[in-house]
Amino acid sequence: MIEPGAAEFDSSEAAARALDVADPLARFRERFHLLPGRIYLDGNSLGLLSRDAEAETLAALEQWRTLAIDGWLGADPPWFTLGEELGALTAALVGAEPEAVVVTGMTTVNQHALTATFYTPEGARRKIVATALDFPSDVYALQSLIRLKGGDPARDLFLVPSDDGRTIAEDAIVAALGEDVALALLPAVLYRSGQLLDIPRLAAVARERGIPLGFDCAHSIGGVPHRFDEWGVDWAFWCSYKYLNAGPGATGGLYVNRRHWGTAPGLAGWWGYEKSRQFDMVHAWEGAAAAGAWQISTPSLLATAPLRGSLRLFHEAGIDALRAKSLAQTAYLARLLDETGLTSSPYDFAIGTPREPERRGGHLAVEHADAPRIARALKARGVVPDFRAPNVIRLAPAPLYTTFHELWRTAQALREIIDSGEHLRLAEGRELVA
Ligand SMILES: *Cc1c(COP(=O)(O)O)cnc(C)c1O
């Protein structure tokens, strides 16, 4: 289909439109509430609302209105097993058997639930390995976990450094996984540069060395296919409001490999109890047989229902087809910036995302010394990017709804902003939520 990496490259508007005509996923765009007059490239931070997600949410409200308490078992689907049912639907996105995934909690809460289970420091083996480019929440949670277990984050947390400020070398991670390491947590895709780590290689090394290794998939779920069962990944977690488009604060998810089922959760709660006996209300713990055991509390119906509609779109489109389009779109945009002179003087944008498809997640990190003001100038022109300090404009084509023509127009906007200097008239600095 689309070959933006081919030797000859057509940077014309007509060529962008031709790519849209040839796009086998183009029909999904109308399933979303698009923002009139705007180009939305922030779906890696908060995906747009689909009509399917909206309908599921309204149906959930209606069932609450009409069924009340009987909705736990009588709703469609029953609320009592919503986490398991949606987990099974999510399993295809992470390459897992259905019971290995459950929809529950939020990214950081799920991280706590899993790391509290698998971090068992003992003797000289007490270090946690993460990376210097991690999303801050992940690091805060690890620091607090170490303190909770009587350790000192300054001594027990090792953040694998980055050589270039953008990426983390897998070799450096492998070198860090020594005998003193009790747990490792890595991002599948780095939130700023969009680097995709070599998950199968890292999982294999960690397993060989007996180190429980988990992945934060907030920036990969719904954007990148995973094969967790096949790769032998220990555990993973994610949110549903980025590429999964399930809405702000939507219920997240987690994965636990079969070999860990039956391990007592570090943060237990009644929602992780064996379902058939949960309402026996006895105090002796009997965890659910699979990943469901890591649930803590009653799921929020209204924060979970949209995910059901959203997942339908992923199943219809197929994660491999979405990945193919995503790679084509990020390659197209990077190539367009190169070929039209935007990555050289006087424009001076730089691509901070690895060029190799197998090292790239779903967004493109476009760097510029004046990134905060350029990001705001883009927004003023109706192109919605996001900014990540200190110098990154993240542009995320969402393969379910972004067109190649929108990417072409975004490149035009970047050129016109620099040509006119309109960003220079904006105040310095970023917005509170950027
Ligand atoms: C978005 C994101 C989070 C957000 O955490 P919440 O608990 O959902 O607020 C955490 N980690 C990473 C890597 C993220 O990208």
# chains A, B, ... in the order shown; residues from 1 in each chain; ligands from 1
$ residues_near_ligand --ligand "ligand 1" --cutoff "7 Å" --atoms "only C-alpha atoms and all ligand atoms" --output "PyMOL selection string"
chain A and resi 45+106-109+134-135+137-138+187+191+216-219+239+249
$ write_last_selection --atoms "N, CA and C atoms" --output "PDB file, in the first residue's frame"
ATOM      1  N   SER A  45      -2.046  11.671  23.821  1.00  0.00           N
ATOM      2  CA  SER A  45      -2.189  12.232  25.161  1.00  0.00           C
ATOM      3  C   SER A  45      -3.634  12.057  25.627  1.00  0.00           C
ATOM      4  N   MET A 106      -5.863   2.516  37.196  1.00  0.00           N
ATOM      5  CA  MET A 106      -5.253   3.520  36.336  1.00  0.00           C
ATOM      6  C   MET A 106      -3.780   3.160  36.177  1.00  0.00           C
ATOM      7  N   THR A 107      -3.100   3.850  35.307  1.00  0.00           N
ATOM      8  CA  THR A 107      -1.707   3.507  35.029  1.00  0.00           C
ATOM      9  C   THR A 107      -0.886   3.393  36.316  1.00  0.00           C
ATOM     10  N   THR A 108      -0.845   4.472  37.081  1.00  0.00           N
ATOM     11  CA  THR A 108       0.051   4.495  38.236  1.00  0.00           C
ATOM     12  C   THR A 108      -0.444   3.551  39.334  1.00  0.00           C
ATOM     13  N   VAL A 109      -1.752   3.468  39.485  1.00  0.00           N
ATOM     14  CA  VAL A 109      -2.305   2.542  40.485  1.00  0.00           C
ATOM     15  C   VAL A 109      -1.961   1.099  40.103  1.00  0.00           C
ATOM     16  N   ASP A 134      12.130   8.148  31.931  1.00  0.00           N
ATOM     17  CA  ASP A 134      10.785   7.677  32.287  1.00  0.00           C
ATOM     18  C   ASP A 134       9.826   8.829  32.541  1.00  0.00           C
ATOM     19  N   PHE A 135       8.569   8.559  32.331  1.00  0.00           N
ATOM     20  CA  PHE A 135       7.488   9.458  32.729  1.00  0.00           C
ATOM     21  C   PHE A 135       7.598   9.628  34.255  1.00  0.00           C
ATOM     22  N   SER A 137       5.679  10.038  36.806  1.00  0.00           N
ATOM     23  CA  SER A 137       4.818   9.295  37.723  1.00  0.00           C
ATOM     24  C   SER A 137       5.398   7.911  38.031  1.00  0.00           C
ATOM     25  N   ASP A 138       5.950   7.289  37.016  1.00  0.00           N
ATOM     26  CA  ASP A 138       6.521   5.951  37.209  1.00  0.00           C
ATOM     27  C   ASP A 138       7.649   6.002  38.241  1.00  0.00           C
ATOM     28  N   PRO A 187       9.560   1.563  30.059  1.00  0.00           N
ATOM     29  CA  PRO A 187       8.475   1.982  29.179  1.00  0.00           C
ATOM     30  C   PRO A 187       8.570   1.186  27.872  1.00  0.00           C
ATOM     31  N   TYR A 191       7.822   8.246  26.382  1.00  0.00           N
ATOM     32  CA  TYR A 191       6.752   9.232  26.153  1.00  0.00           C
ATOM     33  C   TYR A 191       7.224  10.462  25.398  1.00  0.00           C
ATOM     34  N   ASP A 216       5.591  -0.458  31.179  1.00  0.00           N
ATOM     35  CA  ASP A 216       4.548   0.560  31.162  1.00  0.00           C
ATOM     36  C   ASP A 216       4.194   0.784  29.699  1.00  0.00           C
ATOM     37  N   CYS A 217       2.978   0.425  29.345  1.00  0.00           N
ATOM     38  CA  CYS A 217       2.572   0.464  27.936  1.00  0.00           C
ATOM     39  C   CYS A 217       1.622   1.618  27.641  1.00  0.00           C
ATOM     40  N   ALA A 218       1.674   2.678  28.475  1.00  0.00           N
ATOM     41  CA  ALA A 218       0.770   3.815  28.274  1.00  0.00           C
ATOM     42  C   ALA A 218       0.896   4.386  26.865  1.00  0.00           C
ATOM     43  N   HIS A 219       2.125   4.374  26.317  1.00  0.00           N
ATOM     44  CA  HIS A 219       2.331   4.942  24.987  1.00  0.00           C
ATOM     45  C   HIS A 219       2.436   3.903  23.886  1.00  0.00           C
ATOM     46  N   CYS A 239      -2.812   2.788  30.327  1.00  0.00           N
ATOM     47  CA  CYS A 239      -4.033   3.577  30.471  1.00  0.00           C
ATOM     48  C   CYS A 239      -4.868   3.416  29.202  1.00  0.00           C
ATOM     49  N   GLY A 249      -9.299   9.886  32.134  1.00  0.00           N
ATOM     50  CA  GLY A 249      -9.487   9.104  33.354  1.00  0.00           C
ATOM     51  C   GLY A 249     -10.152   7.754  33.137  1.00  0.00           C
TER      52      GLY A 249
END
$ closest_atom_pairs --of "range 21-114 of chain A" --to "range 252-266 of chain A" --cutoff "12 Å" --atoms "only C-alpha atoms" --output "tab-separated table"
residue	atom	partner	partner_atom	distance
A:Leu82	CA	A:Gly253	CA	11.8
A:Gly83	CA	A:Gly253	CA	8.5
A:Glu84	CA	A:Gly253	CA	10.2
A:Glu85	CA	A:Gly253	CA	11.8
A:Leu86	CA	A:Gly253	CA	9.1
A:Gly87	CA	A:Gly253	CA	7.2
A:Ala88	CA	A:Tyr255	CA	10.6
A:Leu89	CA	A:Gly253	CA	11.2
A:Thr90	CA	A:Gly253	CA	8.4
A:Ala91	CA	A:Tyr255	CA	8.5
A:Ala92	CA	A:Tyr255	CA	11.7
A:Leu93	CA	A:Tyr255	CA	11.1
A:Val94	CA	A:Tyr255	CA	8.4
A:Gly95	CA	A:Tyr255	CA	10.1
A:Ala96	CA	A:Tyr255	CA	8.0
A:Glu97	CA	A:Arg258	CA	8.8
A:Pro98	CA	A:Tyr255	CA	9.8
A:Glu99	CA	A:Arg258	CA	8.6
A:Ala100	CA	A:Val256	CA	5.4
A:Val101	CA	A:Tyr255	CA	4.5
A:Val102	CA	A:Gly253	CA	5.6
A:Val103	CA	A:Gly253	CA	4.1
A:Thr104	CA	A:Gly253	CA	5.2
A:Gly105	CA	A:Gly252	CA	5.4
A:Met106	CA	A:Gly252	CA	4.6
A:Thr107	CA	A:Gly252	CA	6.0
A:Thr108	CA	A:Gly252	CA	9.4
A:Val109	CA	A:Gly252	CA	9.1
A:Asn110	CA	A:Leu254	CA	6.7
A:Gln111	CA	A:Leu254	CA	8.6
A:His112	CA	A:Gly266	CA	8.5
A:Ala113	CA	A:Gly266	CA	6.2
A:Leu114	CA	A:Gly266	CA	7.2
$ atom_distance --atom1 "CA of Ala377 in chain A" --atom2 "CA of Glu422 in chain A"
7.0 Å
$ atom_distance --atom1 "CA of Gly214 in chain A" --atom2 "CA of Gln295 in chain A"
16.9 Å
$ select_by_dssp --residues "range 36-172 of chain A" --states "helix (DSSP H, G or I)" --output "MDAnalysis selection string"
chainID A and resid 51:74 79:94 98:100 107:118 136:148 153:156 170:172
$ residues_around --residues "range 325-333 of chain A" --least-positions-apart "3" --cutoff "8 Å" --atoms "only C-alpha atoms" --output "number ranges by chain"
A: 2-5, 23, 223, 321-322, 336-337, 355, 357, 360, 362-364, 396-399, 404, 407-408, 411
